[in-house]
>>> print(open('target.txt').read())   # compact mmCIF, C-alpha atoms
# COMPACT_ATOMS: atom_id res chain seq x y z
CA MET A 1 0.00 0.00 0.00
CA SER A 2 1.73 3.05 -1.28
CA GLY A 3 1.59 6.20 0.76
CA ALA A 4 1.68 8.19 -2.47
CA GLU A 5 -1.40 6.44 -3.77
CA GLU A 6 -3.27 6.85 -0.52
CA THR A 7 -2.75 10.56 -0.19
CA SER A 8 -3.74 11.11 -3.81
CA ASN A 9 -7.28 9.95 -3.01
CA GLU A 10 -7.61 12.20 -0.02
CA PRO A 11 -9.52 15.49 -0.37
CA LEU A 12 -7.26 18.51 -0.13
CA ASN A 13 -9.10 19.96 2.84
CA VAL A 14 -8.33 16.93 5.01
CA LYS A 15 -4.96 18.39 5.94
CA GLU A 16 -6.75 21.38 7.33
CA ASP A 17 -8.79 19.05 9.60
CA LYS A 18 -5.63 18.05 11.42
CA GLU A 19 -5.12 21.55 12.71
CA PHE A 20 -8.77 22.23 13.46
CA ASP A 21 -9.11 24.94 16.05
CA VAL A 22 -11.14 23.60 18.97
CA GLU A 23 -12.19 27.09 20.06
CA ALA A 24 -13.33 27.99 16.58
CA GLU A 25 -15.46 24.84 16.54
CA ASP A 26 -17.82 26.39 19.09
CA HIS A 27 -18.65 29.19 16.67
CA ILE A 28 -19.34 27.03 13.63
CA GLY A 29 -22.93 26.21 12.78
CA ASP A 30 -24.37 22.72 12.53
CA ASP A 31 -24.46 22.98 8.73
CA TYR A 32 -20.69 22.64 8.66
CA PHE A 33 -20.81 19.18 10.14
CA VAL A 34 -23.19 17.84 7.51
CA ASP A 35 -21.17 19.30 4.66
CA PRO A 36 -20.74 16.30 2.31
CA THR A 37 -17.48 17.71 0.94
CA ARG A 38 -15.78 17.51 4.34
CA TYR A 39 -14.50 14.18 5.59
CA LEU A 40 -15.63 13.38 9.11
CA PHE A 41 -13.32 10.95 10.86
CA TYR A 42 -14.89 7.73 12.12
CA ARG A 43 -13.46 8.46 15.54
CA ASP A 44 -15.61 11.61 15.61
CA ARG A 45 -18.84 9.92 14.52
CA LYS A 46 -21.25 9.23 17.36
CA GLU A 47 -22.65 6.10 15.71
CA TRP A 48 -19.17 4.55 15.80
CA ALA A 49 -18.42 5.39 19.43
CA ASP A 50 -19.15 1.80 20.50
CA LEU A 51 -16.23 0.45 18.46
CA GLU A 52 -12.64 0.54 19.63
CA PRO A 53 -10.35 1.19 16.64
CA VAL A 54 -7.50 -1.27 16.07
CA PRO A 55 -4.30 0.49 14.95
CA GLN A 56 -1.99 -1.21 12.51
CA ASP A 57 0.75 -3.12 14.27
CA ASP A 58 4.05 -2.64 12.46
CA GLY A 59 6.03 -4.14 15.31
CA PRO A 60 8.29 -2.36 17.82
CA ASN A 61 10.94 -1.33 15.28
CA PRO A 62 9.54 -1.05 11.75
CA VAL A 63 12.31 -0.79 9.19
CA VAL A 64 10.40 1.42 6.77
CA LYS A 65 7.24 2.77 8.31
CA ILE A 66 4.69 3.82 5.72
CA ALA A 67 3.47 7.39 6.07
CA TYR A 68 -0.26 6.72 5.96
CA SER A 69 -2.53 9.72 5.73
CA GLU A 70 -4.70 10.43 8.75
CA LYS A 71 -7.81 9.52 6.80
CA PHE A 72 -6.31 6.22 5.68
CA SER A 73 -5.33 5.27 9.22
CA ASP A 74 -8.77 6.25 10.51
CA VAL A 75 -10.64 4.12 7.96
CA TYR A 76 -8.43 1.06 8.31
CA ASP A 77 -8.29 1.26 12.11
CA TYR A 78 -12.07 0.91 12.16
CA PHE A 79 -11.99 -1.70 9.40
CA ARG A 80 -9.70 -3.86 11.53
CA ALA A 81 -12.04 -3.36 14.49
CA LEU A 82 -14.99 -4.61 12.43
CA LEU A 83 -12.99 -7.56 11.20
CA LYS A 84 -11.89 -8.41 14.74
CA ASN A 85 -15.51 -8.45 15.93
CA ASP A 86 -16.75 -10.17 12.77
CA GLU A 87 -19.45 -7.52 12.59
CA ARG A 88 -21.89 -8.06 9.76
CA SER A 89 -23.82 -4.84 9.50
CA GLU A 90 -24.79 -2.14 7.05
CA ARG A 91 -22.24 0.26 8.47
CA ALA A 92 -19.52 -2.35 7.96
CA PHE A 93 -20.58 -2.74 4.34
CA VAL A 94 -20.41 1.03 3.78
CA LEU A 95 -16.98 1.18 5.37
CA THR A 96 -15.59 -1.46 2.98
CA ALA A 97 -16.36 0.91 0.10
CA GLU A 98 -14.33 3.65 1.79
CA ALA A 99 -11.48 1.24 2.42
CA ILE A 100 -11.55 0.09 -1.22
CA GLU A 101 -11.53 3.67 -2.43
CA LEU A 102 -8.30 4.20 -0.49
CA ASN A 103 -6.73 0.90 -1.57
CA ALA A 104 -8.60 -1.23 -4.09
CA ALA A 105 -5.84 -3.87 -4.01
CA ASN A 106 -6.50 -4.91 -0.39
CA TYR A 107 -7.73 -8.49 -0.79
CA THR A 108 -8.84 -8.71 2.86
CA VAL A 109 -11.29 -5.87 2.36
CA TRP A 110 -12.72 -7.53 -0.74
CA HIS A 111 -13.11 -10.85 1.08
CA TYR A 112 -14.88 -9.17 3.97
CA ARG A 113 -17.14 -7.35 1.52
CA ARG A 114 -18.15 -10.69 -0.01
CA VAL A 115 -18.96 -12.03 3.45
CA LEU A 116 -21.19 -9.01 4.03
CA LEU A 117 -22.84 -9.28 0.61
CA GLN A 118 -24.13 -12.72 1.53
CA ALA A 119 -24.81 -12.03 5.21
CA LEU A 120 -26.88 -8.92 4.41
CA SER A 121 -28.49 -10.37 1.26
CA LYS A 122 -27.35 -7.37 -0.75
CA ASP A 123 -28.47 -6.70 -4.33
CA LEU A 124 -25.82 -8.41 -6.46
CA ARG A 125 -26.85 -6.46 -9.56
CA GLU A 126 -25.97 -3.26 -7.75
CA GLU A 127 -22.69 -4.84 -6.74
CA MET A 128 -21.93 -5.58 -10.39
CA LYS A 129 -22.41 -1.90 -11.21
CA TYR A 130 -20.06 -1.02 -8.37
CA ILE A 131 -17.43 -3.47 -9.63
CA THR A 132 -17.75 -2.23 -13.21
CA ALA A 133 -17.04 1.34 -12.14
CA ILE A 134 -13.90 0.28 -10.26
CA ILE A 135 -12.58 -1.87 -13.12
CA GLU A 136 -13.07 0.99 -15.55
CA GLU A 137 -10.83 3.10 -13.30
CA GLN A 138 -8.41 0.30 -12.36
CA PRO A 139 -8.56 -2.31 -15.15
CA LYS A 140 -5.43 -4.16 -13.96
CA ASN A 141 -6.42 -4.86 -10.39
CA TYR A 142 -6.27 -8.58 -9.50
CA GLN A 143 -8.60 -8.33 -6.52
CA VAL A 144 -11.51 -6.61 -8.23
CA TRP A 145 -11.48 -9.06 -11.16
CA HIS A 146 -11.58 -11.97 -8.71
CA HIS A 147 -14.45 -10.28 -6.88
CA ARG A 148 -16.32 -9.95 -10.16
CA ARG A 149 -15.86 -13.64 -10.89
CA MET A 150 -17.32 -14.56 -7.50
CA VAL A 151 -20.37 -12.34 -8.00
CA VAL A 152 -20.95 -13.72 -11.52
CA GLU A 153 -20.86 -17.22 -10.03
CA TRP A 154 -23.40 -16.25 -7.37
CA LEU A 155 -25.68 -14.73 -9.99
CA ASN A 156 -25.02 -17.62 -12.36
CA ASP A 157 -25.43 -15.07 -15.13
CA PRO A 158 -22.56 -14.31 -17.54
CA SER A 159 -24.79 -12.46 -20.02
CA GLU A 160 -23.04 -9.11 -19.58
CA GLU A 161 -19.49 -10.38 -19.32
CA LEU A 162 -18.29 -10.77 -22.90
CA GLU A 163 -19.50 -7.33 -23.93
CA PHE A 164 -18.01 -5.77 -20.80
CA ILE A 165 -14.66 -7.47 -21.33
CA ALA A 166 -14.64 -6.46 -25.00
CA ASP A 167 -15.07 -2.85 -23.88
CA ILE A 168 -12.13 -3.15 -21.48
CA LEU A 169 -10.00 -4.77 -24.20
CA SER A 170 -10.85 -1.94 -26.58
CA GLN A 171 -8.92 0.30 -24.18
CA ASP A 172 -6.01 -2.14 -23.83
CA ALA A 173 -6.15 -5.21 -26.07
CA LYS A 174 -3.42 -6.94 -24.06
CA ASN A 175 -4.93 -6.61 -20.58
CA TYR A 176 -3.98 -9.92 -18.95
CA HIS A 177 -6.69 -9.66 -16.28
CA ALA A 178 -9.45 -9.11 -18.82
CA TRP A 179 -8.27 -12.04 -20.95
CA GLN A 180 -8.04 -14.32 -17.91
CA HIS A 181 -11.60 -13.41 -16.92
CA ARG A 182 -12.82 -13.89 -20.50
CA GLN A 183 -11.30 -17.37 -20.72
CA TRP A 184 -12.93 -18.32 -17.43
CA VAL A 185 -16.36 -17.05 -18.53
CA ILE A 186 -16.20 -18.77 -21.91
CA GLN A 187 -15.03 -22.08 -20.49
CA GLU A 188 -17.31 -22.05 -17.45
CA TYR A 189 -20.49 -21.16 -19.36
CA LYS A 190 -19.65 -22.72 -22.78
CA LEU A 191 -19.75 -19.43 -24.67
CA TRP A 192 -17.49 -20.55 -27.52
CA ASP A 193 -19.73 -19.31 -30.35
CA ASN A 194 -18.33 -16.32 -32.27
CA GLU A 195 -15.17 -16.17 -30.14
CA LEU A 196 -12.92 -17.05 -33.06
CA GLU A 197 -14.48 -14.22 -35.04
CA PHE A 198 -13.87 -11.85 -32.11
CA VAL A 199 -10.21 -12.86 -32.04
CA GLU A 200 -9.81 -12.44 -35.79
CA ASN A 201 -11.14 -8.89 -35.56
CA LEU A 202 -8.54 -8.09 -32.92
CA LEU A 203 -5.78 -9.56 -35.06
CA GLU A 204 -6.96 -7.49 -37.99
CA ASP A 205 -6.49 -4.42 -35.82
CA ASP A 206 -3.10 -5.57 -34.50
CA VAL A 207 -1.45 -8.69 -35.89
CA ARG A 208 1.19 -8.44 -33.14
CA ASN A 209 -1.35 -8.90 -30.35
CA ASN A 210 0.14 -11.88 -28.48
CA SER A 211 -2.94 -12.12 -26.27
CA ALA A 212 -5.24 -12.53 -29.26
CA TRP A 213 -3.02 -15.25 -30.73
CA ASN A 214 -3.07 -17.01 -27.37
CA GLN A 215 -6.86 -16.74 -27.27
CA ARG A 216 -7.09 -18.26 -30.76
CA HIS A 217 -5.09 -21.27 -29.60
CA PHE A 218 -7.20 -21.49 -26.43
CA VAL A 219 -10.49 -21.50 -28.36
CA ILE A 220 -9.46 -24.08 -30.95
CA SER A 221 -7.84 -26.33 -28.33
CA HIS A 222 -11.11 -26.44 -26.38
CA THR A 223 -13.45 -26.83 -29.34
CA THR A 224 -12.37 -28.55 -32.57
CA GLY A 225 -8.82 -29.30 -31.46
CA PHE A 226 -5.90 -29.62 -33.88
CA SER A 227 -6.25 -33.31 -34.76
CA ASP A 228 -8.32 -32.72 -37.91
CA PRO A 229 -5.96 -32.18 -40.89
CA ALA A 230 -8.45 -29.69 -42.37
CA ILE A 231 -8.26 -27.54 -39.22
CA VAL A 232 -4.46 -27.72 -39.23
CA GLU A 233 -4.31 -26.68 -42.89
CA ARG A 234 -6.72 -23.80 -42.26
CA GLU A 235 -4.59 -22.53 -39.38
CA ILE A 236 -1.34 -22.92 -41.32
CA GLN A 237 -2.74 -20.85 -44.17
CA TYR A 238 -4.10 -18.26 -41.75
CA CYS A 239 -0.66 -17.94 -40.12
CA LEU A 240 1.17 -17.64 -43.42
CA ASN A 241 -1.21 -14.91 -44.54
CA GLN A 242 -0.63 -12.97 -41.33
CA ILE A 243 3.14 -13.46 -41.64
CA LYS A 244 3.08 -11.84 -45.08
CA LYS A 245 1.52 -8.75 -43.48
CA ALA A 246 4.27 -8.47 -40.85
CA PRO A 247 7.24 -10.80 -41.56
CA HIS A 248 9.11 -9.74 -38.42
CA ASN A 249 6.17 -10.47 -36.13
CA GLU A 250 7.16 -13.29 -33.78
CA SER A 251 3.59 -13.92 -32.57
CA ALA A 252 2.40 -15.72 -35.71
CA TRP A 253 5.50 -17.95 -35.80
CA ASN A 254 5.04 -18.84 -32.12
CA TYR A 255 1.41 -19.76 -32.79
CA LEU A 256 2.37 -21.92 -35.77
CA LYS A 257 5.07 -23.69 -33.81
CA GLY A 258 2.84 -24.20 -30.77
CA MET A 259 0.04 -25.57 -32.91
CA LEU A 260 2.31 -28.19 -34.50
CA GLN A 261 4.55 -29.10 -31.57
CA ASP A 262 2.66 -32.30 -30.69
CA ARG A 263 2.49 -33.65 -34.24
CA GLY A 264 5.90 -32.41 -35.43
CA LEU A 265 6.85 -29.31 -37.39
CA SER A 266 7.89 -31.32 -40.44
CA SER A 267 4.72 -33.44 -40.53
CA PRO A 268 2.18 -31.21 -42.39
CA PRO A 269 2.44 -31.91 -46.16
CA GLY A 270 3.93 -29.05 -48.11
CA LEU A 271 4.58 -26.77 -45.14
CA LEU A 272 8.37 -26.80 -45.50
CA GLU A 273 8.10 -25.92 -49.19
CA ARG A 274 5.75 -23.01 -48.50
CA VAL A 275 8.03 -21.62 -45.80
CA LEU A 276 11.00 -21.89 -48.19
CA GLU A 277 9.00 -19.87 -50.74
CA LEU A 278 8.37 -17.22 -48.10
CA LYS A 279 12.09 -17.13 -47.36
CA ASP A 280 12.75 -15.52 -50.75
CA THR A 281 10.27 -12.67 -50.21
CA HIS A 282 9.56 -12.36 -46.48
CA CYS A 283 12.73 -13.56 -44.78
CA SER A 284 13.19 -12.90 -41.05
CA PRO A 285 15.10 -14.44 -38.13
CA TYR A 286 11.82 -16.03 -37.00
CA LEU A 287 11.29 -17.70 -40.38
CA LEU A 288 14.84 -19.03 -40.40
CA ALA A 289 14.52 -20.27 -36.81
CA PHE A 290 11.33 -22.09 -37.81
CA LEU A 291 13.14 -23.69 -40.75
CA PHE A 292 15.91 -24.87 -38.45
CA ASP A 293 13.32 -26.42 -36.12
CA CYS A 294 11.71 -28.15 -39.10
CA TYR A 295 15.02 -29.65 -40.22
CA GLU A 296 15.83 -30.71 -36.67
CA ASP A 297 12.42 -32.38 -36.39
CA ALA A 298 12.93 -34.14 -39.72
CA LEU A 299 16.30 -35.48 -38.58
CA GLU A 300 14.85 -36.80 -35.33
CA ASN A 301 11.99 -38.50 -37.18
CA SER A 302 14.34 -40.00 -39.76
CA ASN A 303 15.98 -42.06 -37.03
CA GLN A 304 12.66 -43.87 -36.61
CA LYS A 305 12.03 -44.39 -40.34
CA GLU A 306 13.71 -47.21 -42.21
CA ASN A 307 13.05 -45.72 -45.66
CA VAL A 308 15.15 -42.58 -45.07
CA GLY A 309 18.59 -42.97 -46.59
CA GLU A 310 21.85 -41.73 -45.17
CA GLU A 311 22.35 -39.27 -48.03
CA GLU A 312 18.95 -37.73 -47.39
CA ARG A 313 19.78 -37.30 -43.71
CA LYS A 314 23.11 -35.70 -44.60
CA GLU A 315 21.34 -33.26 -46.89
CA THR A 316 18.86 -32.31 -44.16
CA LEU A 317 21.71 -31.72 -41.72
CA ARG A 318 23.55 -29.62 -44.28
CA LYS A 319 20.51 -27.39 -44.77
CA ALA A 320 20.05 -27.01 -41.01
CA LEU A 321 23.70 -26.01 -40.55
CA GLU A 322 23.40 -23.52 -43.40
CA ILE A 323 20.46 -21.90 -41.59
CA CYS A 324 22.49 -21.68 -38.38
CA GLU A 325 25.35 -20.08 -40.25
CA LEU A 326 23.06 -17.55 -41.94
CA LEU A 327 21.50 -16.60 -38.62
CA ALA A 328 24.85 -16.37 -36.85
CA GLN A 329 26.66 -14.36 -39.51
CA GLU A 330 23.93 -12.19 -41.00
CA LYS A 331 20.31 -12.35 -39.79
CA ASP A 332 20.60 -12.65 -36.00
CA THR A 333 24.19 -11.73 -35.18
CA ILE A 334 23.38 -10.63 -31.64
CA ARG A 335 22.80 -14.33 -30.88
CA LYS A 336 25.67 -15.59 -32.98
CA GLU A 337 27.10 -17.92 -30.35
CA TYR A 338 23.64 -19.36 -29.64
CA TRP A 339 23.12 -20.38 -33.27
CA LEU A 340 26.63 -21.77 -33.61
CA TYR A 341 26.04 -23.81 -30.47
CA LEU A 342 22.73 -25.16 -31.86
CA GLY A 343 24.52 -26.17 -35.05
CA ARG A 344 27.24 -28.04 -33.18
CA SER A 345 24.66 -29.66 -30.92
CA LEU A 346 22.50 -30.85 -33.82
CA LYS A 347 25.53 -32.21 -35.64
CA SER A 348 26.57 -34.12 -32.56
CA LYS A 349 23.07 -35.55 -31.92
CA SER A 350 22.57 -36.61 -35.52
CA GLY A 351 25.67 -38.82 -35.49
CA ILE A 352 26.29 -37.88 -39.11
CA SER A 353 29.86 -37.18 -40.18
CA SER A 354 30.48 -34.14 -42.32
CA PRO A 355 32.17 -34.63 -45.73
CA SER A 356 35.43 -33.21 -44.38
CA GLU A 357 35.42 -35.76 -41.59
CA GLU A 358 34.80 -38.62 -44.03
CA SER A 359 37.53 -37.70 -46.52
CA PRO A 360 40.33 -40.31 -46.45
CA GLU A 361 43.87 -39.57 -45.42
CA PRO A 362 46.11 -38.52 -48.34
CA SER A 363 47.79 -41.64 -49.77
CA VAL A 364 51.55 -41.92 -49.60
CA PRO A 365 53.27 -42.90 -52.88
CA ALA A 366 54.95 -46.28 -52.92
CA SER A 367 58.34 -44.70 -53.47
CA GLY A 368 57.74 -42.56 -50.42
CA GLN A 369 56.92 -45.64 -48.38
CA GLN A 370 60.17 -47.26 -49.41
CA GLU A 371 62.11 -44.16 -48.46
CA MET A 372 60.41 -43.99 -45.05
CA SER A 373 61.13 -47.63 -44.42
>>> encode(input="target.txt", output="structure tokens")
Amino acid sequence: MSGAEETSNEPLNVKEDKEFDVEAEDHIGDDYFVDPTRYLFYRDRKEWADLEPVPQDDGPNPVVKIAYSEKFSDVYDYFRALLKNDERSERAFVLTAEAIELNAANYTVWHYRRVLLQALSKDLREEMKYITAIIEEQPKNYQVWHHRRMVVEWLNDPSEELEFIADILSQDAKNYHAWQHRQWVIQEYKLWDNELEFVENLLEDDVRNNSAWNQRHFVISHTTGFSDPAIVEREIQYCLNQIKKAPHNESAWNYLKGMLQDRGLSSPPGLLERVLELKDTHCSPYLLAFLFDCYEDALENSNQKENVGEEERKETLRKALEICELLAQEKDTIRKEYWLYLGRSLKSKSGISSPSEESPEPSVPASGQQEMS
């Protein structure tokens, strides 16, 4: 809980309250005390006189004591008192809102608020409006998104969620919290229809949106899966089309690799040839790295196939080593040593000798042999 954040929420006139002149108080009319713009400390409210505030215990020698504002300390001292007594009342519910306004990341306050929501049979629709307002102000707050999930579960009604999340994502299309909530809603309530179309629209807006690519994989994995060759071909073509738009976008290559990792990168018919065609017009370090992975996969699979000849394996290794050399010397020089290491490692694993290693020792003429003897 940052002191800077807490004081930023505090009305400017609170500081003046600290130096309130007791003598002047006698000459101020009653209207002053009902002024809604002036914060009245809980310790000064008659209806809270029955409750003994519980100060925060930082221990006898706090290393870095946080400079809480007076208002913050007042609210949380009384919050701790309510929590200690396990009081489940309307005033406790109202106080949780004040505590959340000062620090919306305090998970204990949110938990206590949920206890009160159920104990007081509060209107959960009104609570959803309250949560929506907070998320719109603080869209990357873990606690409020978890609170929303709990209330949606209690209502058993996700009807407003996808539209709400889409609105939040329109402000930040890579909001992790919003995507996490969306995945939960879709999976929990089987709302898979039209989600692929939603993702495609986001990728049209920004093909580099890693979150949208992840959502695409999530949706297909939980619906059709990637076992159908027609689905695999559709996704390969979709990826290649997106790669042409932004060749140096790593997201599409990661999706393609992730989609094929269980079946093997070299397994889809014609994929290697299509990537090699792209190499001539849309070359990038990511394309070359994918080619290397394809050759490596082909070599590993060739060990299990009897119909793959030694010359074919040597040619595959040669192509893989050429890719490593191109990456190391030209396309990805910042990781030169990494690519050279991968080349050496692949060569060692393959067990294939290079032509230079296979060349025979130079023969010694017979006359030379006689002289040596």
>>> closest_residue(input="target.txt", among="A:Arg182, A:Arg91, A:Arg149, A:Lys319", to="A:Phe79", atoms="all atoms listed in the file")
A:Arg91
>>> closest_residue(input="target.txt", among="A:Cys324, A:Leu191, A:Met259, A:Leu40", to="A:Glu161", atoms="all atoms listed in the file")
A:Leu191
>>> residues_around(input="target.txt", residues="A:Ala104", least_positions_apart="2", cutoff="12 Å", atoms="only C-alpha atoms", output="ChimeraX atom specification")
/A:1-2,5-6,9,96-102,106-111,113,131,133-135,137-145,147
>>> atom_distance(input="target.txt", atom1="atom CA of A:Glu300", atom2="atom CA of A:Gly264")
10.0 Å
>>> atom_distance(input="target.txt", atom1="atom CA of A:Pro247", atom2="atom CA of A:Cys283")
6.9 Å
>>> closest_residue(input="target.txt", among="A:Val152, A:Ala230, A:Leu124, A:Ala246", to="A:His282", atoms="all atoms listed in the file")
A:Ala246
>>> closest_residue(input="target.txt", among="A:Val219, A:Val115, A:Met128, A:Ala92", to="A:Leu196", atoms="only C-alpha atoms")
A:Val219
>>> atom_distance(input="target.txt", atom1="atom CA of A:His146", atom2="atom CA of A:Glu197")
26.6 Å
>>> residues_near_point(input="target.txt", point="(-26.8, -7.2, -9.5)", cutoff="10 Å", atoms="all atoms listed in the file", output="VMD selection string")
chain A and resid 122 to 130 151 to 152 154 to 155 157
>>> residues_around(input="target.txt", residues="A:Lys314", least_positions_apart="4", cutoff="7 Å", atoms="all atoms listed in the file", output="number ranges by chain")
A: 310, 318, 352
>>> closest_residue(input="target.txt", among="A:Ile165, A:Leu276, A:Val54, A:Leu116", to="A:Asp86", atoms="all atoms listed in the file")
A:Leu116
